[in-house]
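To be precise, the following lines are structure05.cif, and they hold mmCIF, C-alpha atoms.
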```cif
data_coords
loop_
_atom_site.label_atom_id
_atom_site.label_comp_id
_atom_site.auth_asym_id
_atom_site.auth_seq_id
_atom_site.Cartn_x
_atom_site.Cartn_y
_atom_site.Cartn_z
CA MET Z 1 -21.18 -20.42 -24.80
CA TYR Z 2 -19.58 -23.06 -26.99
CA GLN Z 3 -20.72 -26.67 -27.02
CA GLU Z 4 -18.16 -29.26 -25.95
CA THR Z 5 -17.59 -30.48 -29.51
CA GLU Z 6 -17.02 -26.91 -30.69
CA LEU Z 7 -14.44 -26.37 -27.95
CA GLU Z 8 -12.65 -29.57 -28.97
CA VAL Z 9 -12.43 -28.32 -32.56
CA ILE Z 10 -11.14 -24.91 -31.50
CA MET Z 11 -8.58 -26.41 -29.15
CA SER Z 12 -7.41 -28.74 -31.93
CA LEU Z 13 -6.72 -25.72 -34.15
CA ILE Z 14 -4.76 -24.08 -31.35
CA MET Z 15 -2.90 -27.27 -30.42
CA TYR Z 16 -1.88 -28.25 -33.95
CA GLY Z 17 -0.99 -24.67 -34.81
CA GLY Z 18 1.15 -24.40 -31.70
CA GLU Z 19 2.88 -27.69 -32.42
CA ALA Z 20 3.70 -26.56 -35.96
CA LYS Z 21 5.11 -23.25 -34.80
CA SER Z 22 7.16 -24.90 -32.06
CA CYS Z 23 8.65 -27.42 -34.51
CA ALA Z 24 9.48 -24.58 -36.91
CA PHE Z 25 11.28 -22.66 -34.13
CA GLU Z 26 13.29 -25.78 -33.31
CA ALA Z 27 14.08 -26.28 -37.00
CA ILE Z 28 15.54 -22.78 -37.23
CA ALA Z 29 17.66 -23.46 -34.15
CA ALA Z 30 18.88 -26.74 -35.69
CA ALA Z 31 19.82 -24.93 -38.91
CA LYS Z 32 21.70 -22.35 -36.88
CA GLN Z 33 23.76 -25.25 -35.51
CA GLN Z 34 24.21 -26.49 -39.10
CA ASP Z 35 22.12 -29.60 -38.43
CA PHE Z 36 20.09 -29.40 -41.62
CA GLU Z 37 18.95 -33.01 -41.40
CA LEU Z 38 17.29 -32.32 -38.03
CA ALA Z 39 15.91 -29.04 -39.39
CA ALA Z 40 14.29 -30.90 -42.29
CA SER Z 41 12.81 -33.48 -39.93
CA LEU Z 42 11.37 -30.77 -37.71
CA ILE Z 43 9.88 -28.95 -40.69
CA GLU Z 44 8.26 -32.22 -41.75
CA GLN Z 45 6.77 -32.55 -38.25
CA ALA Z 46 5.51 -28.96 -38.50
CA GLU Z 47 3.89 -29.69 -41.85
CA GLN Z 48 2.22 -32.81 -40.44
CA ALA Z 49 0.76 -30.75 -37.59
CA LEU Z 50 -0.51 -28.18 -40.10
CA LEU Z 51 -2.06 -30.99 -42.14
CA GLN Z 52 -3.97 -32.15 -39.07
CA ALA Z 53 -5.14 -28.59 -38.40
CA HIS Z 54 -6.28 -28.26 -42.01
CA LYS Z 55 -8.35 -31.44 -41.62
CA VAL Z 56 -10.07 -29.89 -38.60
CA GLN Z 57 -10.60 -26.64 -40.45
CA THR Z 58 -11.99 -28.46 -43.51
CA GLY Z 59 -14.43 -30.24 -41.23
CA LEU Z 60 -15.66 -26.87 -40.00
CA LEU Z 61 -16.07 -25.59 -43.54
CA SER Z 62 -17.97 -28.73 -44.56
CA GLN Z 63 -20.31 -28.40 -41.59
CA GLU Z 64 -21.03 -24.78 -42.40
CA ALA Z 65 -21.60 -25.60 -46.07
CA ALA Z 66 -24.15 -28.19 -44.90
CA GLY Z 67 -25.98 -25.52 -42.89
CA GLN Z 68 -24.54 -26.31 -39.44
CA GLU Z 69 -23.06 -23.00 -38.44
CA MET Z 70 -20.61 -22.74 -35.55
CA LYS Z 71 -20.51 -19.78 -33.22
CA ALA Z 72 -17.82 -17.35 -34.37
CA GLY Z 73 -16.77 -16.02 -30.99
CA LEU Z 74 -13.44 -14.70 -29.81
CA LEU Z 75 -12.14 -18.19 -29.02
CA MET Z 76 -12.84 -19.38 -32.57
CA VAL Z 77 -11.20 -16.27 -33.99
CA HIS Z 78 -8.18 -16.93 -31.75
CA GLY Z 79 -7.96 -20.54 -32.97
CA GLN Z 80 -8.10 -19.50 -36.62
CA ASP Z 81 -5.60 -16.70 -36.04
CA HIS Z 82 -3.24 -19.06 -34.25
CA LEU Z 83 -3.39 -21.48 -37.17
CA MET Z 84 -2.83 -18.82 -39.83
CA THR Z 85 0.17 -17.30 -38.06
CA SER Z 86 1.63 -20.79 -37.65
CA ILE Z 87 1.27 -21.45 -41.37
CA CYS Z 88 3.10 -18.21 -42.13
CA PHE Z 89 5.78 -18.98 -39.56
CA VAL Z 90 6.47 -22.44 -40.97
CA ASP Z 91 6.80 -20.95 -44.46
CA LEU Z 92 9.19 -18.32 -43.14
CA ALA Z 93 11.20 -20.94 -41.23
CA LYS Z 94 11.71 -22.89 -44.47
CA GLU Z 95 13.13 -19.79 -46.11
CA ILE Z 96 15.39 -18.99 -43.16
CA ILE Z 97 16.76 -22.53 -43.19
CA LEU Z 98 17.36 -22.37 -46.94
CA VAL Z 99 19.20 -19.05 -46.62
CA ARG Z 100 21.39 -20.38 -43.79
CA LYS Z 101 22.23 -23.43 -45.89
CA GLU Z 102 23.06 -21.29 -48.93
CA ILE Z 103 25.28 -18.99 -46.88
CA LEU Z 104 27.14 -21.97 -45.42
CA GLU Z 105 27.67 -23.50 -48.86
CA THR Z 106 28.84 -20.17 -50.30
CA ASN Z 107 31.29 -19.70 -47.44
CA LYS Z 108 32.63 -23.23 -47.91
CA LYS Z 109 33.23 -22.54 -51.60
CA LYS Z 110 35.13 -19.41 -50.67
CA GLY Z 111 37.18 -21.35 -48.12
CA GLN Z 112 35.60 -19.61 -45.15
CA THR Z 113 34.24 -21.40 -42.12
CA ASP Z 114 31.08 -20.54 -40.29
CA GLU Z 115 31.37 -21.01 -36.56
CA LYS Z 116 28.51 -22.65 -34.77
#
```
Show this structure as structure tokens.
Amino acid sequence: MYQETELEVIMSLIMYGGEAKSCAFEAIAAAKQQDFELAASLIEQAEQALLQAHKVQTGLLSQEAAGQEMKAGLLMVHGQDHLMTSICFVDLAKEIILVRKEILETNKKKGQTDEK
């Protein structure tokens, strides 16, 4: 069984990871609608959530380095997995947005329009 403080840490990883992934999904949708300013803002929000998660994770690493080990149960594994997949998803979202922007710019140069 986890202690209350351990659960708070795990839930923070899950919460911040989920927030980052959600913002990245919204950013892709904004880019699809050609709202690249909103997409950039949402990616920034995603990166801020990931930064908060990294602070939590760094705290865990510091505690373990100091000899205070935390139980590595399924819930902790889930929290870490959730964070890592969110990091990958935000990185992928940035690339998707960039590609959509490049395609739009290329089409504009060719005189084509991209319907929303």
* Can you work out the spacing between atom CA of Z:Ala20 and atom CA of Z:Glu64 in Å, to one decimal? => 25.6 Å
* To do: Go through the shown structure with the PyMOL selection byres ((chain Z and resi 98) around 12) and write out the matching residues as a ChimeraX atom specification.
  => /Z:27-28,31-32,34,36,39-40,43,91-97,99-105
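Proximity to Z:Val9 was assessed for Z:Val56, Z:Lys109, Z:Phe89, Z:Gly67 counting all atoms listed in the file; the smallest distance is recorded for Z:Val56.
Close to (-9.9, -27.6, -42.2), meaning no more than 12 Å away when counting only C-alpha atoms, sit the residues Val9, Ile10, Ser12, Leu13, Tyr16, Gly17, Leu50, Leu51, Gln52, Ala53, His54, Lys55, Val56, Gln57, Thr58, Gly59, Leu60, Leu61, Ser62, Gln63, Glu64, Gly79, Gln80, Leu83 and Met84 of chain Z.
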Those residues with C-alpha atoms, as a PDB file, keeping the file's coordinate frame please?
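So the final result, stored in part_7.pdb, reads:
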```pdb
ATOM      1  CA  VAL Z   9     -12.430 -28.320 -32.560  1.00  0.00           C
ATOM      2  CA  ILE Z  10     -11.140 -24.910 -31.500  1.00  0.00           C
ATOM      3  CA  SER Z  12      -7.410 -28.740 -31.930  1.00  0.00           C
ATOM      4  CA  LEU Z  13      -6.720 -25.720 -34.150  1.00  0.00           C
ATOM      5  CA  TYR Z  16      -1.880 -28.250 -33.950  1.00  0.00           C
ATOM      6  CA  GLY Z  17      -0.990 -24.670 -34.810  1.00  0.00           C
ATOM      7  CA  LEU Z  50      -0.510 -28.180 -40.100  1.00  0.00           C
ATOM      8  CA  LEU Z  51      -2.060 -30.990 -42.140  1.00  0.00           C
ATOM      9  CA  GLN Z  52      -3.970 -32.150 -39.070  1.00  0.00           C
ATOM     10  CA  ALA Z  53      -5.140 -28.590 -38.400  1.00  0.00           C
ATOM     11  CA  HIS Z  54      -6.280 -28.260 -42.010  1.00  0.00           C
ATOM     12  CA  LYS Z  55      -8.350 -31.440 -41.620  1.00  0.00           C
ATOM     13  CA  VAL Z  56     -10.070 -29.890 -38.600  1.00  0.00           C
ATOM     14  CA  GLN Z  57     -10.600 -26.640 -40.450  1.00  0.00           C
ATOM     15  CA  THR Z  58     -11.990 -28.460 -43.510  1.00  0.00           C
ATOM     16  CA  GLY Z  59     -14.430 -30.240 -41.230  1.00  0.00           C
ATOM     17  CA  LEU Z  60     -15.660 -26.870 -40.000  1.00  0.00           C
ATOM     18  CA  LEU Z  61     -16.070 -25.590 -43.540  1.00  0.00           C
ATOM     19  CA  SER Z  62     -17.970 -28.730 -44.560  1.00  0.00           C
ATOM     20  CA  GLN Z  63     -20.310 -28.400 -41.590  1.00  0.00           C
ATOM     21  CA  GLU Z  64     -21.030 -24.780 -42.400  1.00  0.00           C
ATOM     22  CA  GLY Z  79      -7.960 -20.540 -32.970  1.00  0.00           C
ATOM     23  CA  GLN Z  80      -8.100 -19.500 -36.620  1.00  0.00           C
ATOM     24  CA  LEU Z  83      -3.390 -21.480 -37.170  1.00  0.00           C
ATOM     25  CA  MET Z  84      -2.830 -18.820 -39.830  1.00  0.00           C
TER      26      MET Z  84
END
```
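With all atoms listed in the file as the atoms that count, the residue of Z:Ser86, Z:Gln112, Z:Ala72, Z:Ala49 with the shortest distance to Z:Leu7 is Z:Ala72.
We find atom CA of Z:Phe25 and atom CA of Z:Lys108 to be spaced 25.4 Å apart.
Distance-wise, atom CA of Z:Ser41 and atom CA of Z:Asn107 end up 24.2 Å apart.
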With 4 Å on each side, where is the centre of the axis-aligned box around all listed atoms of stretch 68-75 of chain Z, and how long are its edges in Å to one decimal, as lines of an AutoDock Vina configuration file?
```
center_x = -18.3
center_y = -20.5
center_z = -34.2
size_x = 20.4
size_y = 19.6
size_z = 18.4
```
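For the set Z:Glu47, Z:Glu69, Z:Glu6, Z:Glu37, the residue with the smallest atom-to-atom gap to Z:Ile87 is Z:Glu47, counting all atoms listed in the file.
Compared by their closest atoms to Z:Glu8, and using all atoms listed in the file, the residues Z:Ala29, Z:Met76, Z:Cys88, Z:Leu42 rank with Z:Met76 nearest.
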* **Counting all atoms listed in the file, the option among Z:Ile14, Z:Glu44, Z:Leu74, Z:Gly111 closest to Z:Glu26** => Z:Glu44
* Structure fact -> Of Z:His82, Z:Ala30, Z:Gln68, Z:Lys21, the one sitting nearest Z:Gln45 when using all atoms listed in the file is Z:Lys21
Take stretch 84-110 of chain Z from the preceding structure and save N, CA, C and O atoms as a PDB file, in the first residue's frame.
```
ATOM      1  N   MET Z  84       5.628   9.346 -19.815  1.00  0.00           N
ATOM      2  CA  MET Z  84       6.500   9.117 -20.970  1.00  0.00           C
ATOM      3  C   MET Z  84       5.712   9.123 -22.284  1.00  0.00           C
ATOM      4  O   MET Z  84       6.189   9.668 -23.281  1.00  0.00           O
ATOM      5  N   THR Z  85       4.537   8.538 -22.298  1.00  0.00           N
ATOM      6  CA  THR Z  85       3.749   8.564 -23.535  1.00  0.00           C
ATOM      7  C   THR Z  85       3.286   9.985 -23.848  1.00  0.00           C
ATOM      8  O   THR Z  85       3.200  10.375 -25.016  1.00  0.00           O
ATOM      9  N   SER Z  86       3.025  10.775 -22.819  1.00  0.00           N
ATOM     10  CA  SER Z  86       2.631  12.170 -23.038  1.00  0.00           C
ATOM     11  C   SER Z  86       3.778  12.977 -23.624  1.00  0.00           C
ATOM     12  O   SER Z  86       3.567  13.809 -24.511  1.00  0.00           O
ATOM     13  N   ILE Z  87       4.984  12.737 -23.151  1.00  0.00           N
ATOM     14  CA  ILE Z  87       6.154  13.421 -23.700  1.00  0.00           C
ATOM     15  C   ILE Z  87       6.285  13.099 -25.186  1.00  0.00           C
ATOM     16  O   ILE Z  87       6.466  14.003 -26.018  1.00  0.00           O
ATOM     17  N   CYS Z  88       6.175  11.833 -25.520  1.00  0.00           N
ATOM     18  CA  CYS Z  88       6.265  11.425 -26.930  1.00  0.00           C
ATOM     19  C   CYS Z  88       5.145  12.039 -27.756  1.00  0.00           C
ATOM     20  O   CYS Z  88       5.364  12.484 -28.885  1.00  0.00           O
ATOM     21  N   PHE Z  89       3.941  12.078 -27.194  1.00  0.00           N
ATOM     22  CA  PHE Z  89       2.807  12.615 -27.931  1.00  0.00           C
ATOM     23  C   PHE Z  89       2.959  14.111 -28.191  1.00  0.00           C
ATOM     24  O   PHE Z  89       2.650  14.589 -29.284  1.00  0.00           O
ATOM     25  N   VAL Z  90       3.459  14.850 -27.216  1.00  0.00           N
ATOM     26  CA  VAL Z  90       3.669  16.285 -27.415  1.00  0.00           C
ATOM     27  C   VAL Z  90       4.715  16.502 -28.506  1.00  0.00           C
ATOM     28  O   VAL Z  90       4.540  17.366 -29.383  1.00  0.00           O
ATOM     29  N   ASP Z  91       5.779  15.730 -28.490  1.00  0.00           N
ATOM     30  CA  ASP Z  91       6.794  15.841 -29.541  1.00  0.00           C
ATOM     31  C   ASP Z  91       6.198  15.542 -30.912  1.00  0.00           C
ATOM     32  O   ASP Z  91       6.466  16.250 -31.887  1.00  0.00           O
ATOM     33  N   LEU Z  92       5.395  14.515 -30.989  1.00  0.00           N
ATOM     34  CA  LEU Z  92       4.748  14.154 -32.255  1.00  0.00           C
ATOM     35  C   LEU Z  92       3.767  15.243 -32.702  1.00  0.00           C
ATOM     36  O   LEU Z  92       3.709  15.583 -33.888  1.00  0.00           O
ATOM     37  N   ALA Z  93       3.033  15.805 -31.762  1.00  0.00           N
ATOM     38  CA  ALA Z  93       2.083  16.879 -32.087  1.00  0.00           C
ATOM     39  C   ALA Z  93       2.805  18.068 -32.701  1.00  0.00           C
ATOM     40  O   ALA Z  93       2.324  18.671 -33.663  1.00  0.00           O
ATOM     41  N   LYS Z  94       3.972  18.414 -32.164  1.00  0.00           N
ATOM     42  CA  LYS Z  94       4.753  19.522 -32.725  1.00  0.00           C
ATOM     43  C   LYS Z  94       5.093  19.252 -34.184  1.00  0.00           C
ATOM     44  O   LYS Z  94       5.005  20.160 -35.025  1.00  0.00           O
ATOM     45  N   GLU Z  95       5.481  18.038 -34.480  1.00  0.00           N
ATOM     46  CA  GLU Z  95       5.832  17.678 -35.854  1.00  0.00           C
ATOM     47  C   GLU Z  95       4.605  17.706 -36.769  1.00  0.00           C
ATOM     48  O   GLU Z  95       4.686  18.176 -37.901  1.00  0.00           O
ATOM     49  N   ILE Z  96       3.494  17.207 -36.282  1.00  0.00           N
ATOM     50  CA  ILE Z  96       2.259  17.220 -37.080  1.00  0.00           C
ATOM     51  C   ILE Z  96       1.857  18.656 -37.403  1.00  0.00           C
ATOM     52  O   ILE Z  96       1.492  18.968 -38.547  1.00  0.00           O
ATOM     53  N   ILE Z  97       1.934  19.524 -36.426  1.00  0.00           N
ATOM     54  CA  ILE Z  97       1.583  20.932 -36.632  1.00  0.00           C
ATOM     55  C   ILE Z  97       2.525  21.566 -37.652  1.00  0.00           C
ATOM     56  O   ILE Z  97       2.081  22.278 -38.564  1.00  0.00           O
ATOM     57  N   LEU Z  98       3.802  21.299 -37.520  1.00  0.00           N
ATOM     58  CA  LEU Z  98       4.786  21.835 -38.466  1.00  0.00           C
ATOM     59  C   LEU Z  98       4.503  21.354 -39.889  1.00  0.00           C
ATOM     60  O   LEU Z  98       4.519  22.150 -40.833  1.00  0.00           O
ATOM     61  N   VAL Z  99       4.198  20.083 -40.049  1.00  0.00           N
ATOM     62  CA  VAL Z  99       3.907  19.535 -41.379  1.00  0.00           C
ATOM     63  C   VAL Z  99       2.649  20.177 -41.959  1.00  0.00           C
ATOM     64  O   VAL Z  99       2.617  20.554 -43.132  1.00  0.00           O
ATOM     65  N   ARG Z 100       1.613  20.334 -41.141  1.00  0.00           N
ATOM     66  CA  ARG Z 100       0.379  20.972 -41.626  1.00  0.00           C
ATOM     67  C   ARG Z 100       0.665  22.407 -42.076  1.00  0.00           C
ATOM     68  O   ARG Z 100       0.154  22.861 -43.097  1.00  0.00           O
ATOM     69  N   LYS Z 101       1.476  23.100 -41.317  1.00  0.00           N
ATOM     70  CA  LYS Z 101       1.824  24.484 -41.662  1.00  0.00           C
ATOM     71  C   LYS Z 101       2.622  24.521 -42.969  1.00  0.00           C
ATOM     72  O   LYS Z 101       2.358  25.363 -43.834  1.00  0.00           O
ATOM     73  N   GLU Z 102       3.569  23.617 -43.117  1.00  0.00           N
ATOM     74  CA  GLU Z 102       4.379  23.571 -44.340  1.00  0.00           C
ATOM     75  C   GLU Z 102       3.526  23.236 -45.562  1.00  0.00           C
ATOM     76  O   GLU Z 102       3.703  23.824 -46.629  1.00  0.00           O
ATOM     77  N   ILE Z 103       2.605  22.313 -45.404  1.00  0.00           N
ATOM     78  CA  ILE Z 103       1.717  21.951 -46.516  1.00  0.00           C
ATOM     79  C   ILE Z 103       0.862  23.146 -46.913  1.00  0.00           C
ATOM     80  O   ILE Z 103       0.705  23.449 -48.102  1.00  0.00           O
ATOM     81  N   LEU Z 104       0.312  23.845 -45.934  1.00  0.00           N
ATOM     82  CA  LEU Z 104      -0.504  25.029 -46.217  1.00  0.00           C
ATOM     83  C   LEU Z 104       0.312  26.090 -46.953  1.00  0.00           C
ATOM     84  O   LEU Z 104      -0.149  26.655 -47.949  1.00  0.00           O
ATOM     85  N   GLU Z 105       1.517  26.339 -46.486  1.00  0.00           N
ATOM     86  CA  GLU Z 105       2.369  27.347 -47.127  1.00  0.00           C
ATOM     87  C   GLU Z 105       2.747  26.930 -48.551  1.00  0.00           C
ATOM     88  O   GLU Z 105       2.747  27.760 -49.460  1.00  0.00           O
ATOM     89  N   THR Z 106       3.040  25.661 -48.742  1.00  0.00           N
ATOM     90  CA  THR Z 106       3.370  25.159 -50.079  1.00  0.00           C
ATOM     91  C   THR Z 106       2.182  25.309 -51.011  1.00  0.00           C
ATOM     92  O   THR Z 106       2.329  25.748 -52.157  1.00  0.00           O
ATOM     93  N   ASN Z 107       1.006  24.967 -50.530  1.00  0.00           N
ATOM     94  CA  ASN Z 107      -0.202  25.092 -51.349  1.00  0.00           C
ATOM     95  C   ASN Z 107      -0.497  26.544 -51.692  1.00  0.00           C
ATOM     96  O   ASN Z 107      -0.940  26.845 -52.804  1.00  0.00           O
ATOM     97  N   LYS Z 108      -0.250  27.447 -50.758  1.00  0.00           N
ATOM     98  CA  LYS Z 108      -0.467  28.874 -51.024  1.00  0.00           C
ATOM     99  C   LYS Z 108       0.484  29.359 -52.111  1.00  0.00           C
ATOM    100  O   LYS Z 108       0.099  30.138 -52.982  1.00  0.00           O
ATOM    101  N   LYS Z 109       1.723  28.903 -52.065  1.00  0.00           N
ATOM    102  CA  LYS Z 109       2.701  29.299 -53.080  1.00  0.00           C
ATOM    103  C   LYS Z 109       2.310  28.786 -54.457  1.00  0.00           C
ATOM    104  O   LYS Z 109       2.583  29.429 -55.459  1.00  0.00           O
ATOM    105  N   LYS Z 110       1.669  27.637 -54.487  1.00  0.00           N
ATOM    106  CA  LYS Z 110       1.230  27.055 -55.753  1.00  0.00           C
ATOM    107  C   LYS Z 110      -0.125  27.605 -56.191  1.00  0.00           C
ATOM    108  O   LYS Z 110      -0.637  27.230 -57.233  1.00  0.00           O
TER     109      LYS Z 110
END
```
